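Structure data follow from model-v1.cif (mmCIF, C-alpha atoms and all ligand atoms):
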data_coords
#
loop_
_atom_site.label_atom_id
_atom_site.label_comp_id
_atom_site.auth_asym_id
_atom_site.auth_seq_id
_atom_site.Cartn_x
_atom_site.Cartn_y
_atom_site.Cartn_z
CA MET K 23 0.00 0.00 0.00
CA GLN K 24 1.22 3.46 -0.86
CA ALA K 25 0.08 7.03 -1.49
CA GLY K 26 -3.12 7.05 -3.57
CA ASP K 27 -4.31 3.80 -1.99
CA ALA K 28 -7.13 3.18 0.47
CA LEU K 29 -8.01 0.19 2.62
CA LEU K 30 -11.74 -0.60 2.64
CA ILE K 31 -13.06 -2.83 5.43
CA VAL K 32 -16.45 -4.21 4.42
CA ASP K 33 -19.20 -5.08 6.93
CA VAL K 34 -17.11 -6.72 9.69
CA GLN K 35 -20.15 -6.67 11.97
CA ASN K 36 -21.26 -9.00 14.76
CA ASP K 37 -24.28 -10.29 12.83
CA PHE K 38 -21.97 -11.61 10.08
CA CYS K 39 -19.75 -13.40 12.59
CA PRO K 40 -20.38 -16.80 14.23
CA GLY K 41 -23.29 -16.48 16.68
CA GLY K 42 -24.71 -13.52 14.76
CA ALA K 43 -28.08 -13.34 12.99
CA LEU K 44 -26.44 -14.08 9.63
CA GLY K 45 -23.24 -15.67 10.90
CA VAL K 46 -20.68 -16.43 8.21
CA ARG K 47 -18.59 -19.51 8.93
CA ASP K 48 -15.23 -18.36 10.38
CA GLY K 49 -16.31 -14.77 9.69
CA ASP K 50 -14.50 -13.61 12.83
CA GLN K 51 -11.24 -15.00 11.47
CA VAL K 52 -10.97 -12.03 9.11
CA VAL K 53 -10.48 -9.74 12.13
CA PRO K 54 -6.81 -10.47 12.97
CA VAL K 55 -5.94 -10.49 9.27
CA LEU K 56 -7.59 -7.13 8.65
CA ASN K 57 -6.13 -5.68 11.86
CA HIS K 58 -2.69 -6.30 10.37
CA TRP K 59 -3.69 -4.48 7.19
CA ILE K 60 -5.13 -1.61 9.22
CA GLN K 61 -1.91 -1.32 11.21
CA ASP K 62 0.11 -1.33 8.00
CA ALA K 63 -2.18 1.28 6.43
CA GLU K 64 -1.78 3.58 9.43
CA ARG K 65 2.00 3.19 9.34
CA ARG K 66 2.00 4.16 5.65
CA LYS K 67 -0.56 6.98 6.11
CA VAL K 68 -2.98 5.15 3.83
CA PRO K 69 -6.59 6.06 4.72
CA VAL K 70 -8.89 3.36 6.05
CA PHE K 71 -12.60 3.34 5.19
CA ALA K 72 -15.25 1.03 6.65
CA SER K 73 -18.70 0.09 5.45
CA ARG K 74 -21.55 -1.30 7.51
CA ASP K 75 -24.85 -2.94 6.68
CA TRP K 76 -27.32 -0.65 8.44
CA HIS K 77 -30.93 -1.76 8.07
CA PRO K 78 -34.05 -0.31 9.66
CA PRO K 79 -36.42 -2.80 11.35
CA GLY K 80 -38.62 -4.46 8.72
CA HIS K 81 -36.08 -3.97 5.92
CA ILE K 82 -37.05 -5.27 2.48
CA SER K 83 -34.24 -7.88 2.53
CA PHE K 84 -35.76 -9.58 5.60
CA ARG K 85 -37.85 -12.77 5.29
CA GLU K 86 -40.87 -11.07 6.90
CA ARG K 87 -41.05 -8.98 3.71
CA GLY K 88 -40.26 -11.78 1.32
CA GLY K 89 -36.52 -11.16 1.27
CA PRO K 90 -33.81 -13.81 1.45
CA TRP K 91 -32.38 -13.06 4.92
CA PRO K 92 -33.29 -13.23 8.58
CA PRO K 93 -33.33 -9.80 10.23
CA HIS K 94 -29.70 -8.67 10.58
CA CYS K 95 -27.64 -5.53 11.14
CA VAL K 96 -30.59 -3.57 12.47
CA GLN K 97 -29.51 0.02 13.14
CA GLY K 98 -28.26 0.58 16.67
CA THR K 99 -28.35 -3.09 17.77
CA ALA K 100 -25.35 -5.07 19.05
CA GLY K 101 -25.53 -7.21 15.91
CA ALA K 102 -24.97 -4.16 13.74
CA ALA K 103 -21.87 -3.08 15.68
CA PHE K 104 -18.42 -3.76 14.30
CA HIS K 105 -16.68 -6.83 15.72
CA PRO K 106 -15.28 -5.71 19.09
CA ASP K 107 -11.72 -6.77 18.18
CA LEU K 108 -11.63 -4.86 14.89
CA ASN K 109 -9.16 -2.01 15.36
CA LEU K 110 -10.61 0.62 13.07
CA PRO K 111 -8.75 3.92 13.36
CA PRO K 112 -10.99 6.50 15.11
CA SER K 113 -10.60 8.70 12.02
CA ALA K 114 -11.85 6.06 9.57
CA PRO K 115 -14.91 7.32 7.66
CA ILE K 116 -17.84 4.92 8.03
CA VAL K 117 -20.25 4.40 5.17
CA SER K 118 -23.70 3.01 6.01
CA LYS K 119 -25.72 1.13 3.40
CA GLY K 120 -29.09 -0.58 3.19
CA TYR K 121 -30.68 2.13 5.36
CA ASP K 122 -33.67 2.66 3.04
CA PRO K 123 -36.50 0.33 4.24
CA ASP K 124 -37.48 -0.42 0.64
CA LYS K 125 -34.06 -0.72 -1.04
CA ASP K 126 -31.15 -3.06 -0.51
CA SER K 127 -27.56 -2.63 -1.54
CA TYR K 128 -24.81 -5.19 -1.15
CA SER K 129 -22.33 -2.70 -2.59
CA ALA K 130 -20.80 -0.12 -0.28
CA PHE K 131 -21.13 2.30 -3.25
CA GLY K 132 -24.92 1.84 -3.43
CA GLY K 133 -26.78 4.88 -2.10
CA THR K 134 -23.68 6.18 -0.31
CA ASP K 135 -21.09 8.88 -0.91
CA LEU K 136 -18.19 6.42 -0.87
CA LYS K 137 -17.17 7.29 -4.44
CA GLU K 138 -17.03 11.01 -3.62
CA LYS K 139 -15.10 10.33 -0.42
CA LEU K 140 -12.52 8.28 -2.31
CA HIS K 141 -12.17 10.85 -5.08
CA ARG K 142 -11.82 13.66 -2.55
CA ALA K 143 -8.96 11.70 -0.94
CA ALA K 144 -7.35 11.24 -4.41
CA ILE K 145 -7.63 7.46 -4.15
CA LYS K 146 -6.76 5.45 -7.27
CA ARG K 147 -6.36 1.98 -5.82
CA ILE K 148 -8.42 0.16 -3.18
CA TRP K 149 -7.56 -2.85 -1.03
CA ILE K 150 -10.78 -4.61 -0.01
CA GLY K 151 -11.47 -7.17 2.72
CA GLY K 152 -14.38 -8.13 4.96
CA LEU K 153 -17.77 -9.86 4.81
CA ALA K 154 -19.28 -11.45 3.01
CA GLN K 155 -17.10 -12.57 0.10
CA ASP K 156 -20.05 -13.60 -2.09
CA TYR K 157 -22.27 -10.56 -1.36
CA CYS K 158 -20.95 -7.27 -0.17
CA VAL K 159 -17.28 -7.83 -0.97
CA ARG K 160 -18.24 -9.11 -4.41
CA GLU K 161 -20.58 -6.24 -5.28
CA THR K 162 -18.36 -3.57 -3.75
CA SER K 163 -15.35 -4.86 -5.67
CA LEU K 164 -17.26 -4.98 -8.97
CA ASP K 165 -18.58 -1.43 -8.44
CA ALA K 166 -15.10 -0.17 -7.56
CA ILE K 167 -13.75 -1.59 -10.81
CA ARG K 168 -16.66 -0.03 -12.75
CA GLU K 169 -15.84 3.30 -11.13
CA GLY K 170 -12.30 3.02 -12.46
CA PHE K 171 -10.41 2.13 -9.30
CA GLU K 172 -7.68 -0.49 -9.30
CA VAL K 173 -8.95 -3.17 -6.94
CA HIS K 174 -7.06 -5.67 -4.84
CA VAL K 175 -9.08 -8.17 -2.81
CA ILE K 176 -7.48 -9.45 0.39
CA VAL K 177 -8.72 -13.01 -0.01
CA ASN K 178 -7.78 -14.34 3.43
CA GLY K 179 -9.48 -11.28 4.90
CA THR K 180 -12.86 -12.40 3.48
CA ARG K 181 -15.24 -15.34 4.06
CA PRO K 182 -18.31 -16.40 2.06
CA VAL K 183 -21.88 -17.09 3.17
CA ASN K 184 -21.98 -19.96 0.65
CA VAL K 185 -25.75 -20.36 0.36
CA ASN K 186 -24.56 -22.65 -2.45
CA PRO K 187 -21.26 -24.35 -1.65
CA ASP K 188 -19.34 -22.75 -4.55
CA ASP K 189 -20.58 -19.17 -4.13
CA GLY K 190 -17.35 -17.89 -2.58
CA ARG K 191 -15.14 -19.44 -5.23
CA ARG K 192 -17.41 -18.15 -8.00
CA ALA K 193 -17.46 -14.67 -6.49
CA LEU K 194 -13.66 -14.54 -6.51
CA GLU K 195 -13.63 -15.74 -10.12
CA ASP K 196 -16.16 -13.06 -11.10
CA ILE K 197 -14.19 -10.34 -9.35
CA GLU K 198 -10.92 -11.48 -10.93
CA ARG K 199 -12.49 -11.69 -14.39
CA ALA K 200 -13.74 -8.12 -13.96
CA GLY K 201 -10.17 -7.00 -13.40
CA ALA K 202 -9.43 -7.20 -9.69
CA ILE K 203 -6.18 -8.60 -8.38
CA LEU K 204 -6.63 -11.35 -5.80
CA GLU K 205 -4.18 -10.90 -2.95
CA GLN K 206 -3.57 -14.41 -1.65
CA SER K 207 -0.98 -13.65 1.03
C1 LIG K 301 -24.61 -8.85 3.26
C2 LIG K 301 -26.23 -10.48 3.21
C3 LIG K 301 -27.18 -9.56 3.58
C4 LIG K 301 -23.18 -8.45 3.13
C5 LIG K 301 -25.56 -7.92 3.63
O1 LIG K 301 -22.81 -7.37 3.62
O2 LIG K 301 -22.40 -9.24 2.56
N1 LIG K 301 -24.96 -10.11 3.05
N2 LIG K 301 -26.83 -8.29 3.78
ZN ZN K 302 -28.08 -6.87 4.72
#
Could you rewrite the structure in this file as structure tokens?
Ligand code: VGL
Ligand code: ZN
Amino acid sequence: MQAGDALLIVDVQNDFCPGGALGVRDGDQVVPVLNHWIQDAERRKVPVFASRDWHPPGHISFRERGGPWPPHCVQGTAGAAFHPDLNLPPSAPIVSKGYDPDKDSYSAFGGTDLKEKLHRAAIKRIWIGGLAQDYCVRETSLDAIREGFEVHVIVNGTRPVNVNPDDGRRALEDIERAGAILEQS
């Protein structure tokens, strides 16, 4: 990571970790990995951004409204909080998504000012990790590429939901085909 780069931590929230409402298998294992990246970013003066899934009660993505998911990441609840061990810098801008009761967005660019924030910080290249690999990380990475950023995905800093067993693998393939670089270390 160097000048012109940003680190983007996607949805590392309690509800996406084991025991959470939409717990991703080994989701909490991304935390120590991403903490290392955060530490490295701070040392290099690379800005860190974080997104969070931030739904109102009765959100359209919830089963009670015909959506695919149990209620999760409800605004202000413990499940919507970042994992307690995630060491986000206090200065890290936080982007909230999925706040409209009638709209969902897996992408951290959807309905947010993330693009403007990144442009204002003169960011050209983004390092992305977090949850979940086959939803928010996938869509955020694809949008970032569409917006013209160079995208690196920190693969061991992500985990898939795997509604279907291959979803994570396919998501990585899709992201790579779109032009992202998969960071395997
Ligand atoms: C996500 C499922 C439902 C995500 C959000 O952030 O990956 N997944 N809502
Ligand atoms: Zn959601």
Please return as a PDB file with C-alpha atoms, in the frame of the given file the residues found within 10 Å of ligand LIG 301 (chain K), counting all atoms listed in the file.
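Below is the file part23.pdb, written as the result:
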ATOM      1  CA  VAL K  32     -16.450  -4.210   4.420  1.00  0.00           C
ATOM      2  CA  ASP K  33     -19.200  -5.080   6.930  1.00  0.00           C
ATOM      3  CA  VAL K  34     -17.110  -6.720   9.690  1.00  0.00           C
ATOM      4  CA  GLN K  35     -20.150  -6.670  11.970  1.00  0.00           C
ATOM      5  CA  ASP K  37     -24.280 -10.290  12.830  1.00  0.00           C
ATOM      6  CA  PHE K  38     -21.970 -11.610  10.080  1.00  0.00           C
ATOM      7  CA  LEU K  44     -26.440 -14.080   9.630  1.00  0.00           C
ATOM      8  CA  GLY K  45     -23.240 -15.670  10.900  1.00  0.00           C
ATOM      9  CA  VAL K  46     -20.680 -16.430   8.210  1.00  0.00           C
ATOM     10  CA  SER K  73     -18.700   0.090   5.450  1.00  0.00           C
ATOM     11  CA  ARG K  74     -21.550  -1.300   7.510  1.00  0.00           C
ATOM     12  CA  ASP K  75     -24.850  -2.940   6.680  1.00  0.00           C
ATOM     13  CA  TRP K  76     -27.320  -0.650   8.440  1.00  0.00           C
ATOM     14  CA  HIS K  77     -30.930  -1.760   8.070  1.00  0.00           C
ATOM     15  CA  SER K  83     -34.240  -7.880   2.530  1.00  0.00           C
ATOM     16  CA  PHE K  84     -35.760  -9.580   5.600  1.00  0.00           C
ATOM     17  CA  GLY K  89     -36.520 -11.160   1.270  1.00  0.00           C
ATOM     18  CA  PRO K  90     -33.810 -13.810   1.450  1.00  0.00           C
ATOM     19  CA  TRP K  91     -32.380 -13.060   4.920  1.00  0.00           C
ATOM     20  CA  PRO K  92     -33.290 -13.230   8.580  1.00  0.00           C
ATOM     21  CA  PRO K  93     -33.330  -9.800  10.230  1.00  0.00           C
ATOM     22  CA  HIS K  94     -29.700  -8.670  10.580  1.00  0.00           C
ATOM     23  CA  CYS K  95     -27.640  -5.530  11.140  1.00  0.00           C
ATOM     24  CA  LYS K 119     -25.720   1.130   3.400  1.00  0.00           C
ATOM     25  CA  GLY K 120     -29.090  -0.580   3.190  1.00  0.00           C
ATOM     26  CA  ASP K 126     -31.150  -3.060  -0.510  1.00  0.00           C
ATOM     27  CA  SER K 127     -27.560  -2.630  -1.540  1.00  0.00           C
ATOM     28  CA  TYR K 128     -24.810  -5.190  -1.150  1.00  0.00           C
ATOM     29  CA  SER K 129     -22.330  -2.700  -2.590  1.00  0.00           C
ATOM     30  CA  ALA K 130     -20.800  -0.120  -0.280  1.00  0.00           C
ATOM     31  CA  GLY K 152     -14.380  -8.130   4.960  1.00  0.00           C
ATOM     32  CA  LEU K 153     -17.770  -9.860   4.810  1.00  0.00           C
ATOM     33  CA  ALA K 154     -19.280 -11.450   3.010  1.00  0.00           C
ATOM     34  CA  GLN K 155     -17.100 -12.570   0.100  1.00  0.00           C
ATOM     35  CA  ASP K 156     -20.050 -13.600  -2.090  1.00  0.00           C
ATOM     36  CA  TYR K 157     -22.270 -10.560  -1.360  1.00  0.00           C
ATOM     37  CA  CYS K 158     -20.950  -7.270  -0.170  1.00  0.00           C
ATOM     38  CA  VAL K 159     -17.280  -7.830  -0.970  1.00  0.00           C
ATOM     39  CA  ARG K 160     -18.240  -9.110  -4.410  1.00  0.00           C
ATOM     40  CA  GLU K 161     -20.580  -6.240  -5.280  1.00  0.00           C
ATOM     41  CA  THR K 162     -18.360  -3.570  -3.750  1.00  0.00           C
ATOM     42  CA  ARG K 181     -15.240 -15.340   4.060  1.00  0.00           C
ATOM     43  CA  PRO K 182     -18.310 -16.400   2.060  1.00  0.00           C
ATOM     44  CA  VAL K 183     -21.880 -17.090   3.170  1.00  0.00           C
TER      45      VAL K 183
END
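Here CA of Val117 (chain K) and CA of Ala202 (chain K) stand 21.7 Å from one another.
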Students should find that CA of Leu108 (chain K) and CA of Ile176 (chain K) are spaced 15.8 Å
Min atom-atom distance to Pro123 (chain K) from the set K:Pro78, K:Gly49, K:Pro106, K:Gly88, counting all atoms listed in the file, belongs to K:Pro78
Determine the nearest neighbour of Pro40 (chain K) from the options K:Lys125, K:His105, K:His58, K:Arg147, counting only C-alpha atoms.
K:His105
Using 8 Å of padding on each side, determine the axis-aligned box around all atoms of region 193-203 of chain K present in the file and give its centre and edge lengths in Å to one decimal, as JSON.
{"center_x": -11.8, "center_y": -11.4, "center_z": -10.4, "size_x": 27.3, "size_y": 24.7, "size_z": 23.9}
My list of candidates is K:Gly101, K:Gly26, K:Gly190, K:Gly179. Which is closest to ligand ZN 302 (chain K) when distances are computed with all atoms listed in the file?
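Of the candidates, the smallest distance to ligand ZN 302 (chain K) is held by K:Gly101.
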What's the separation between CA of Gln97 (chain K) and CA of Val175 (chain K), in Å to one decimal place?
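Spanning CA of Gln97 (chain K) to CA of Val175 (chain K) is a straight-line distance of 27.2 Å.
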When distances are computed from only C-alpha atoms and all ligand atoms, which of K:Arg85, K:Arg199, K:Arg66, K:His141 shows the smallest separation from ligand ZN 302 (chain K)?
K:Arg85
Residue nearest ligand ZN 302 (chain K) - candidates K:Ala193, K:Ile31, K:Cys39, K:Val96, atoms counted: only C-alpha atoms and all ligand atoms:
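Closest to ligand ZN 302 (chain K) of all the choices is K:Val96.
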Give as a PyMOL selection string each residue that has an atom at most 12 Å from (-13.1, 9.8, -0.2) in the file, counting all atoms listed in the file.
chain K and resi 26-30+68-72+114-117+131+134-148
Generate a file of the selected residues that holds C-alpha atoms, formatted as a PDB file, in the coordinates of the input.
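And here's part-v2.pdb as it stands now:
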ATOM      1  CA  GLY K  26      -3.120   7.050  -3.570  1.00  0.00           C
ATOM      2  CA  ASP K  27      -4.310   3.800  -1.990  1.00  0.00           C
ATOM      3  CA  ALA K  28      -7.130   3.180   0.470  1.00  0.00           C
ATOM      4  CA  LEU K  29      -8.010   0.190   2.620  1.00  0.00           C
ATOM      5  CA  LEU K  30     -11.740  -0.600   2.640  1.00  0.00           C
ATOM      6  CA  VAL K  68      -2.980   5.150   3.830  1.00  0.00           C
ATOM      7  CA  PRO K  69      -6.590   6.060   4.720  1.00  0.00           C
ATOM      8  CA  VAL K  70      -8.890   3.360   6.050  1.00  0.00           C
ATOM      9  CA  PHE K  71     -12.600   3.340   5.190  1.00  0.00           C
ATOM     10  CA  ALA K  72     -15.250   1.030   6.650  1.00  0.00           C
ATOM     11  CA  ALA K 114     -11.850   6.060   9.570  1.00  0.00           C
ATOM     12  CA  PRO K 115     -14.910   7.320   7.660  1.00  0.00           C
ATOM     13  CA  ILE K 116     -17.840   4.920   8.030  1.00  0.00           C
ATOM     14  CA  VAL K 117     -20.250   4.400   5.170  1.00  0.00           C
ATOM     15  CA  PHE K 131     -21.130   2.300  -3.250  1.00  0.00           C
ATOM     16  CA  THR K 134     -23.680   6.180  -0.310  1.00  0.00           C
ATOM     17  CA  ASP K 135     -21.090   8.880  -0.910  1.00  0.00           C
ATOM     18  CA  LEU K 136     -18.190   6.420  -0.870  1.00  0.00           C
ATOM     19  CA  LYS K 137     -17.170   7.290  -4.440  1.00  0.00           C
ATOM     20  CA  GLU K 138     -17.030  11.010  -3.620  1.00  0.00           C
ATOM     21  CA  LYS K 139     -15.100  10.330  -0.420  1.00  0.00           C
ATOM     22  CA  LEU K 140     -12.520   8.280  -2.310  1.00  0.00           C
ATOM     23  CA  HIS K 141     -12.170  10.850  -5.080  1.00  0.00           C
ATOM     24  CA  ARG K 142     -11.820  13.660  -2.550  1.00  0.00           C
ATOM     25  CA  ALA K 143      -8.960  11.700  -0.940  1.00  0.00           C
ATOM     26  CA  ALA K 144      -7.350  11.240  -4.410  1.00  0.00           C
ATOM     27  CA  ILE K 145      -7.630   7.460  -4.150  1.00  0.00           C
ATOM     28  CA  LYS K 146      -6.760   5.450  -7.270  1.00  0.00           C
ATOM     29  CA  ARG K 147      -6.360   1.980  -5.820  1.00  0.00           C
ATOM     30  CA  ILE K 148      -8.420   0.160  -3.180  1.00  0.00           C
TER      31      ILE K 148
END
